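As provided, target.txt (compact mmCIF, C-alpha atoms) reads as follows.
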```txt
# COMPACT_ATOMS: atom_id res chain seq x y z
CA MET A 1 -33.18 18.70 36.26
CA ALA A 2 -29.68 17.61 35.41
CA ASP A 3 -28.75 16.49 31.91
CA LEU A 4 -27.00 13.47 33.42
CA VAL A 5 -26.13 12.17 36.88
CA ILE A 6 -23.41 9.59 37.46
CA LYS A 7 -24.10 7.70 40.68
CA ASN A 8 -21.71 5.76 42.91
CA ALA A 9 -18.48 6.65 41.16
CA VAL A 10 -15.11 6.45 42.89
CA ILE A 11 -13.01 9.58 42.34
CA GLY A 12 -9.66 9.15 44.02
CA ASP A 13 -10.72 7.40 47.22
CA THR A 14 -14.19 8.96 47.46
CA LEU A 15 -17.49 7.35 46.50
CA THR A 16 -19.70 10.13 45.15
CA ASP A 17 -22.07 11.35 42.44
CA ILE A 18 -21.50 13.83 39.61
CA THR A 19 -24.21 16.10 38.26
CA ILE A 20 -23.83 17.34 34.68
CA LYS A 21 -25.63 20.24 33.01
CA ASN A 22 -25.05 21.62 29.52
CA GLY A 23 -22.11 19.32 28.98
CA LYS A 24 -20.19 20.56 32.03
CA ILE A 25 -19.71 19.40 35.61
CA TYR A 26 -22.39 21.14 37.67
CA ALA A 27 -21.86 19.51 41.06
CA ILE A 28 -19.81 16.80 42.74
CA GLY A 29 -21.47 15.17 45.73
CA LYS A 30 -24.33 12.90 46.69
CA THR A 31 -27.67 13.78 45.14
CA ASP A 32 -31.18 12.33 45.25
CA GLU A 33 -31.54 12.67 41.47
CA LYS A 34 -31.57 9.45 39.50
CA GLY A 35 -28.86 8.63 36.98
CA ILE A 36 -26.56 5.97 35.61
CA ASP A 37 -24.90 3.77 38.22
CA ALA A 38 -21.11 3.53 38.07
CA GLY A 39 -21.35 0.62 40.49
CA GLY A 40 -18.49 1.74 42.70
CA ASN A 41 -16.04 1.70 39.79
CA LYS A 42 -13.35 4.31 39.22
CA LEU A 43 -14.10 7.48 37.29
CA PHE A 44 -11.33 9.50 35.63
CA ALA A 45 -11.20 12.54 33.38
CA GLY A 46 -11.36 11.50 29.72
CA LEU A 47 -8.00 10.89 28.07
CA ILE A 48 -6.57 13.45 25.62
CA ASP A 49 -4.19 12.24 22.90
CA VAL A 50 -2.22 15.04 21.19
CA HIS A 51 -0.31 12.67 18.92
CA THR A 52 -2.18 9.88 17.17
CA HIS A 53 -2.18 9.15 13.45
CA GLY A 54 -5.13 6.81 13.59
CA CYS A 55 -6.32 3.28 14.25
CA MET A 56 -8.46 0.45 12.87
CA ASP A 57 -7.23 0.90 9.28
CA ASN A 58 -7.76 4.69 9.18
CA GLU A 59 -5.23 7.51 9.42
CA ALA A 60 -5.57 11.26 9.59
CA VAL A 61 -3.91 11.84 6.22
CA ASP A 62 -6.25 9.65 4.22
CA GLY A 63 -8.82 8.00 6.47
CA ASP A 64 -12.25 8.65 7.88
CA ILE A 65 -11.87 10.93 10.92
CA ASN A 66 -15.34 9.90 12.06
CA LEU A 67 -14.24 6.29 12.30
CA ILE A 68 -11.04 7.25 14.12
CA ALA A 69 -13.04 9.39 16.58
CA HIS A 70 -15.46 6.53 17.16
CA HIS A 71 -12.76 3.99 17.89
CA MET A 72 -10.84 6.44 20.09
CA ALA A 73 -13.95 6.92 22.22
CA CYS A 74 -14.45 3.16 22.44
CA HIS A 75 -10.90 2.84 23.80
CA GLY A 76 -11.09 5.61 26.43
CA THR A 77 -9.80 8.65 24.53
CA THR A 78 -12.38 11.46 24.68
CA SER A 79 -10.39 14.17 22.83
CA PHE A 80 -7.51 14.03 20.37
CA LEU A 81 -5.43 15.74 17.72
CA PRO A 82 -5.50 13.63 14.52
CA THR A 83 -1.87 13.69 13.45
CA THR A 84 -0.72 14.03 9.86
CA SER A 85 2.57 12.60 8.63
CA THR A 86 5.22 14.11 6.38
CA VAL A 87 3.29 13.94 3.12
CA SER A 88 2.63 16.51 0.41
CA ILE A 89 1.25 19.91 1.43
CA ASP A 90 -1.77 19.28 -0.77
CA THR A 91 -2.48 16.01 1.03
CA ILE A 92 -2.15 17.69 4.43
CA HIS A 93 -4.44 20.52 3.35
CA LYS A 94 -7.07 18.07 2.15
CA ALA A 95 -6.87 16.11 5.42
CA VAL A 96 -7.18 19.10 7.77
CA ASN A 97 -9.69 21.13 5.77
CA ILE A 98 -12.77 19.62 7.42
CA ASP A 99 -15.47 20.70 9.84
CA ILE A 100 -14.02 19.28 13.05
CA ASN A 101 -17.18 20.18 14.99
CA ALA A 102 -19.22 17.79 12.84
CA ILE A 103 -17.21 14.74 13.90
CA LYS A 104 -19.03 12.26 16.14
CA GLY A 105 -17.19 10.37 18.87
CA ALA A 106 -14.10 11.68 20.63
CA ASN A 107 -13.69 15.46 20.38
CA VAL A 108 -11.40 16.54 17.54
CA LEU A 109 -9.54 19.52 18.99
CA GLY A 110 -7.63 20.35 15.82
CA PHE A 111 -4.76 18.62 14.04
CA HIS A 112 -1.14 17.91 14.85
CA ALA A 113 1.08 18.25 11.77
CA GLU A 114 4.09 15.99 12.36
CA GLY A 115 6.23 17.55 9.67
CA PRO A 116 6.94 18.26 6.89
CA TYR A 117 9.37 20.77 8.45
CA ILE A 118 11.80 18.21 9.86
CA ASN A 119 15.37 16.95 9.46
CA ALA A 120 15.92 14.03 7.07
CA LYS A 121 18.68 12.68 9.33
CA TYR A 122 16.08 11.83 11.95
CA LYS A 123 13.13 11.26 9.66
CA GLY A 124 12.23 7.95 11.30
CA ALA A 125 9.15 6.58 9.52
CA GLN A 126 8.47 9.81 7.61
CA ASP A 127 8.74 9.98 3.83
CA GLU A 128 11.93 11.92 3.03
CA LYS A 129 10.76 13.11 -0.39
CA PHE A 130 8.12 15.33 1.23
CA ILE A 131 10.40 17.02 3.78
CA ARG A 132 10.40 20.82 3.25
CA LYS A 133 11.92 23.95 4.70
CA PRO A 134 9.63 25.75 7.14
CA ASP A 135 7.39 28.23 5.35
CA ILE A 136 5.13 30.27 7.59
CA GLU A 137 2.99 31.62 4.75
CA GLU A 138 2.42 28.11 3.46
CA PHE A 139 1.60 26.92 6.97
CA LYS A 140 -0.93 29.71 7.59
CA LYS A 141 -3.01 28.33 4.71
CA LEU A 142 -3.51 25.04 6.54
CA PRO A 143 -6.72 25.24 8.63
CA ASN A 144 -7.35 23.61 12.01
CA ILE A 145 -3.70 23.03 12.91
CA LYS A 146 -3.29 23.10 16.70
CA MET A 147 0.25 21.72 16.91
CA VAL A 148 3.16 21.32 14.52
CA THR A 149 6.38 19.33 14.85
CA VAL A 150 9.46 21.22 13.64
CA ALA A 151 13.21 20.57 13.59
CA PRO A 152 14.60 23.89 14.89
CA GLU A 153 18.03 23.56 13.26
CA VAL A 154 16.79 23.52 9.66
CA GLU A 155 16.95 26.70 7.58
CA GLY A 156 14.26 29.21 8.49
CA ALA A 157 12.96 27.22 11.48
CA LEU A 158 13.67 29.75 14.23
CA ASP A 159 11.82 32.51 12.39
CA PHE A 160 8.98 30.08 11.67
CA ILE A 161 8.73 29.17 15.35
CA LYS A 162 8.65 32.82 16.36
CA GLU A 163 5.78 33.60 14.00
CA CYS A 164 3.80 30.36 14.35
CA GLU A 165 0.48 30.65 16.19
CA ALA A 166 0.14 26.89 16.67
CA ILE A 167 1.91 25.01 19.48
CA VAL A 168 5.40 24.18 18.22
CA SER A 169 6.78 20.80 19.27
CA LEU A 170 10.42 19.98 18.56
CA GLY A 171 11.04 16.63 16.92
CA HIS A 172 12.60 14.62 14.10
CA THR A 173 15.56 16.83 14.82
CA ASP A 174 19.36 16.86 15.06
CA ALA A 175 19.39 20.11 17.05
CA ASP A 176 22.10 20.72 19.62
CA TYR A 177 21.57 22.21 23.07
CA ASP A 178 22.10 25.85 22.07
CA THR A 179 19.78 25.69 19.08
CA THR A 180 17.08 24.04 21.19
CA ILE A 181 17.39 26.77 23.81
CA LYS A 182 16.92 29.40 21.07
CA ALA A 183 13.89 27.54 19.71
CA ILE A 184 12.29 27.46 23.15
CA GLU A 185 13.02 31.14 23.67
CA ASN A 186 11.35 31.77 20.31
CA GLY A 187 8.20 29.98 21.48
CA ALA A 188 8.58 26.20 21.12
CA ASN A 189 6.87 24.51 24.06
CA CYS A 190 7.01 20.74 23.64
CA LEU A 191 9.10 17.76 22.55
CA THR A 192 7.68 15.27 20.06
CA HIS A 193 7.90 11.62 21.26
CA THR A 194 10.84 12.31 23.58
CA PHE A 195 13.97 10.19 22.99
CA ASN A 196 12.66 9.04 19.61
CA ALA A 197 13.92 10.69 16.39
CA MET A 198 16.36 13.01 18.18
CA PRO A 199 19.99 12.86 19.42
CA PRO A 200 20.65 11.08 22.71
CA MET A 201 21.24 13.11 25.85
CA LEU A 202 24.92 12.88 26.82
CA HIS A 203 26.62 14.40 29.84
CA ARG A 204 28.77 16.76 27.75
CA ASN A 205 26.20 17.14 25.00
CA PRO A 206 22.75 17.41 26.62
CA SER A 207 21.18 18.20 23.22
CA VAL A 208 17.43 18.57 22.76
CA ILE A 209 16.31 16.69 25.87
CA GLY A 210 18.66 18.49 28.24
CA ALA A 211 17.61 21.90 26.94
CA ALA A 212 13.94 21.00 27.21
CA ALA A 213 14.33 19.75 30.78
CA GLU A 214 16.22 22.90 31.76
CA LYS A 215 13.57 25.18 30.28
CA GLY A 216 10.67 23.16 31.69
CA ILE A 217 8.68 22.72 28.48
CA TYR A 218 6.34 19.79 27.87
CA ALA A 219 7.63 16.36 26.82
CA GLN A 220 5.57 13.81 24.91
CA LEU A 221 5.99 10.22 26.10
CA ILE A 222 5.04 7.13 24.11
CA CYS A 223 4.29 4.66 26.87
CA ASP A 224 3.83 1.39 24.98
CA GLY A 225 6.78 -0.19 26.78
CA PHE A 226 8.89 -0.35 23.61
CA HIS A 227 9.46 3.13 22.16
CA VAL A 228 10.63 4.27 25.59
CA GLN A 229 11.59 1.43 27.86
CA ARG A 230 11.10 1.38 31.60
CA GLY A 231 14.23 3.17 32.84
CA ALA A 232 14.05 5.85 30.16
CA MET A 233 10.37 6.40 30.94
CA TRP A 234 11.30 7.03 34.55
CA CYS A 235 13.95 9.53 33.38
CA ILE A 236 11.26 11.53 31.56
CA TYR A 237 8.91 11.29 34.53
CA ARG A 238 11.61 12.43 36.99
CA ALA A 239 12.96 15.21 34.76
CA PHE A 240 9.67 16.71 33.55
CA GLY A 241 7.24 15.50 36.22
CA PRO A 242 3.54 14.80 35.80
CA ASP A 243 2.89 18.52 35.20
CA ARG A 244 5.00 18.57 32.03
CA THR A 245 4.96 14.98 30.77
CA VAL A 246 2.29 14.45 28.11
CA MET A 247 1.51 10.81 27.46
CA ILE A 248 0.74 10.03 23.82
CA SER A 249 -0.15 6.92 21.86
CA ASP A 250 1.52 7.79 18.52
CA SER A 251 -0.82 5.10 17.23
CA ILE A 252 -1.03 4.43 13.50
CA ARG A 253 -3.52 2.84 11.13
CA ALA A 254 -2.64 -0.66 12.33
CA ALA A 255 -3.57 0.00 15.96
CA GLY A 256 -6.25 -2.49 16.92
CA LEU A 257 -5.57 -4.71 13.89
CA ARG A 258 -3.97 -8.12 13.48
CA ALA A 259 -0.49 -8.90 12.21
CA GLY A 260 -0.09 -8.16 8.52
CA LYS A 261 1.07 -5.62 5.95
CA TYR A 262 -0.32 -2.07 5.97
CA THR A 263 0.66 1.48 5.06
CA SER A 264 1.28 4.49 7.28
CA GLY A 265 1.91 7.98 5.94
CA GLY A 266 2.25 6.43 2.50
CA LEU A 267 4.97 3.98 3.57
CA ASN A 268 4.69 0.20 3.72
CA ILE A 269 4.71 -1.25 7.23
CA ILE A 270 4.77 -4.75 8.62
CA ILE A 271 3.42 -6.18 11.87
CA GLU A 272 4.76 -9.58 12.84
CA GLU A 273 2.81 -11.82 15.20
CA SER A 274 5.31 -11.14 18.00
CA ASP A 275 5.74 -7.40 17.40
CA VAL A 276 4.42 -4.76 19.78
CA VAL A 277 5.20 -2.05 17.23
CA ALA A 278 4.90 -1.58 13.49
CA ARG A 279 8.04 -1.41 11.36
CA LEU A 280 9.02 -0.28 7.90
CA GLU A 281 10.32 -2.93 5.53
CA ASP A 282 13.90 -2.00 6.53
CA GLY A 283 13.12 -2.54 10.22
CA THR A 284 12.67 1.12 11.20
CA ILE A 285 10.11 1.56 13.98
CA ALA A 286 6.99 3.08 12.42
CA GLY A 287 4.67 3.93 15.28
CA SER A 288 2.66 2.39 18.07
CA LEU A 289 -0.11 -0.19 17.96
CA LYS A 290 -1.51 0.84 21.35
CA PHE A 291 -4.22 3.25 22.46
CA LEU A 292 -3.61 5.91 25.11
CA LEU A 293 -5.35 3.94 27.87
CA ASP A 294 -2.93 1.08 27.19
CA GLY A 295 -0.09 3.52 27.85
CA VAL A 296 -1.60 4.59 31.16
CA LYS A 297 -1.83 0.95 32.20
CA THR A 298 1.81 0.41 31.22
CA ALA A 299 2.95 3.43 33.26
CA ILE A 300 1.08 2.16 36.31
CA SER A 301 2.58 -1.31 35.87
CA TYR A 302 6.02 0.35 35.89
CA GLY A 303 5.30 1.94 39.26
CA ILE A 304 4.08 5.39 38.26
CA PRO A 305 1.40 6.45 40.78
CA GLU A 306 -2.12 6.04 39.39
CA ALA A 307 -3.01 9.71 39.84
CA ASP A 308 0.11 10.84 37.95
CA ALA A 309 -0.34 8.33 35.13
CA PHE A 310 -3.87 9.53 34.45
CA LYS A 311 -2.87 13.18 34.88
CA MET A 312 -0.23 12.84 32.16
CA ALA A 313 -2.93 11.56 29.81
CA SER A 314 -5.65 14.08 30.68
CA GLU A 315 -4.96 17.20 32.75
CA THR A 316 -1.43 17.84 31.48
CA PRO A 317 -2.25 17.62 27.75
CA ALA A 318 -5.31 19.79 28.41
CA GLU A 319 -3.08 22.44 29.97
CA LEU A 320 -0.67 22.22 27.04
CA LEU A 321 -3.58 22.83 24.68
CA GLY A 322 -5.19 25.48 26.89
CA ILE A 323 -8.60 23.79 27.02
CA ASN A 324 -11.27 23.35 29.69
CA LYS A 325 -10.82 19.60 30.02
CA GLY A 326 -8.81 17.05 31.95
CA LYS A 327 -10.06 17.75 35.48
CA ILE A 328 -12.98 16.52 37.54
CA GLU A 329 -13.96 19.87 38.97
CA VAL A 330 -17.09 22.00 38.77
CA GLY A 331 -17.15 23.98 35.52
CA TYR A 332 -14.97 21.62 33.51
CA ASP A 333 -16.20 19.78 30.44
CA ALA A 334 -17.95 16.52 31.31
CA ASP A 335 -15.64 14.07 29.57
CA PHE A 336 -15.11 10.94 31.65
CA ILE A 337 -14.16 7.29 31.53
CA ILE A 338 -15.35 4.67 34.03
CA LEU A 339 -12.95 1.78 34.59
CA ASP A 340 -12.99 -1.40 36.62
CA LYS A 341 -10.33 -2.26 39.21
CA ASP A 342 -8.01 -3.53 36.45
CA TYR A 343 -8.46 -0.33 34.41
CA ASN A 344 -10.62 -1.98 31.77
CA LEU A 345 -12.99 0.47 30.09
CA LEU A 346 -16.64 0.22 31.09
CA THR A 347 -18.13 3.56 29.99
CA THR A 348 -17.07 6.60 27.98
CA ILE A 349 -18.91 9.90 28.53
CA ILE A 350 -18.26 12.78 26.11
CA ASN A 351 -19.67 16.27 26.51
CA GLY A 352 -22.01 14.97 29.22
CA GLU A 353 -23.47 12.14 27.13
CA VAL A 354 -22.83 8.42 27.33
CA TYR A 355 -21.07 7.42 24.11
CA TYR A 356 -19.81 3.92 24.91
CA GLN A 357 -20.97 1.42 27.49
```
Before we go any further, please render this structure as structure tokens.
Amino acid sequence: MADLVIKNAVIGDTLTDITIKNGKIYAIGKTDEKGIDAGGNKLFAGLIDVHTHGCMDNEAVDGDINLIAHHMACHGTTSFLPTTSTVSIDTIHKAVNIDINAIKGANVLGFHAEGPYINAKYKGAQDEKFIRKPDIEEFKKLPNIKMVTVAPEVEGALDFIKECEAIVSLGHTDADYDTTIKAIENGANCLTHTFNAMPPMLHRNPSVIGAAAEKGIYAQLICDGFHVQRGAMWCIYRAFGPDRTVMISDSIRAAGLRAGKYTSGGLNIIIEESDVVARLEDGTIAGSLKFLLDGVKTAISYGIPEADAFKMASETPAELLGINKGKIEVGYDADFIILDKDYNLLTTIINGEVYYQ
């Protein structure tokens, strides 16, 4: 007997069933076994968010990861990297030093440390007083870190990148083209929220983005329609393609909440009634208020093909992380979302079990 069978699900253009055993896809095709009925709605691989600080009044640095994981699952994200901000090393250590396997809800795959090894010039909504020089011995004492954002031009960064066993993403940086090339050759493999908190790409100074496109590393894309507007989003999509573009939410504590005053990474933020993003008191953009599924919907509304939009939020981040998720193929982890024709979430299935319906 199967652990779970999903009946009458549309995958691509095909109406079919999926049989799940031991939390993995066992078979794809019509079966006589009984199961839950998807009702002819669309089934996609569960979304994977490698850059999210939190939601619903909780953040990775000081919130309840269980609550974040629950709300992520209820909004279509089945796996994620809770993302810490540039705060004190002690605060980061306390946040990441948990049993990630004990979390209920969306899978916690590890943490993304966004800083503190960044450049103050492009700090964005990070707290400058906690910015530090890269220290590999210090970093090795932080458990569960899967990804770290680093500015490659700061003192000691290239050696740090070379020795770092986590995925190094380049961001909050003033690096030029040559320095970025060196960082990539030393092992960096991603850009953090491309276009944001980095120099612009100019035709005689291609900077970080030009070097990353040339080398074919991964590029994170905030697709809330504001951080990266339509034409710039298409530039990322054309330059990096769906195989290298990783859609992220970059959501913060205020995601899912009403207008008001909150904090994020220890800084005061404000959401006005008309805002689609949070801002610091000085007007600096401070993160997204959207979930990853909202970003997929935005990409599709901008003309990105459906298959590519979902790939950039599932298969491509899974490949960046080197995990057995993000595809609807036999042997892959059984993490799925079922959506209606307008991409509204109907069901979330995590590790072969219905979590939200």
Could you give me the centre and size, in Å to one decimal, of an axis-aligned box around all listed atoms of stretch 261-276 of chain A with 6 Å added on every side, as JSON?
```
{"center_x": 2.7, "center_y": -1.9, "center_z": 11.1, "size_x": 18.1, "size_y": 31.8, "size_z": 29.3}
```
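For the atom pair formed by atom CA of A:Ala151 and atom CA of A:Val168, the distance is 9.8 Å, given to one decimal.
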Coordinates-based distance that separates atom CA of A:Pro82 from atom CA of A:Asp294 (Å, one decimal):
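Here the two named atoms are 18.0 Å from each other.
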Name the residues in contact with A:Phe80 at a cut-off of 12 Å, using only C-alpha atoms, excluding same-chain residues fewer than 4 positions from it; report them as a count of residues only.
44
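Going from atom CA of A:Asp335 to atom CA of A:Pro143 covers 25.4 Å.
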If we count all atoms listed in the file and set the cut-off at 6 Å, which residues sit around A:Pro242, ignoring sequence neighbours fewer than 3 positions away in its own chain? Please answer as a short mmCIF file (atom, residue, chain, number, x, y, z; two decimals) with C-alpha atoms, in the frame of the given file.
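That gives us part_35.cif:
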```
data_model
loop_
_atom_site.label_atom_id
_atom_site.label_comp_id
_atom_site.auth_asym_id
_atom_site.auth_seq_id
_atom_site.Cartn_x
_atom_site.Cartn_y
_atom_site.Cartn_z
CA THR A 245 4.96 14.98 30.77
CA ASP A 308 0.11 10.84 37.95
CA MET A 312 -0.23 12.84 32.16
#
```
For A:Ala239, which residue among A:Gly225, A:Gly283, A:Gly216, A:Gly115 is the nearest when counting all atoms listed in the file?
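Under the stated criterion, the closest residue is A:Gly216.
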From the options A:Ala278, A:Tyr218, A:Tyr343, A:Thr83, which residue's atoms come nearest to A:Ala259, counting all atoms listed in the file?
A:Ala278
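Comparing A:Ala254, A:Glu128, A:Tyr355, A:Tyr237 by their smallest distance to A:Ala309, the closest is A:Tyr237 (using only C-alpha atoms).
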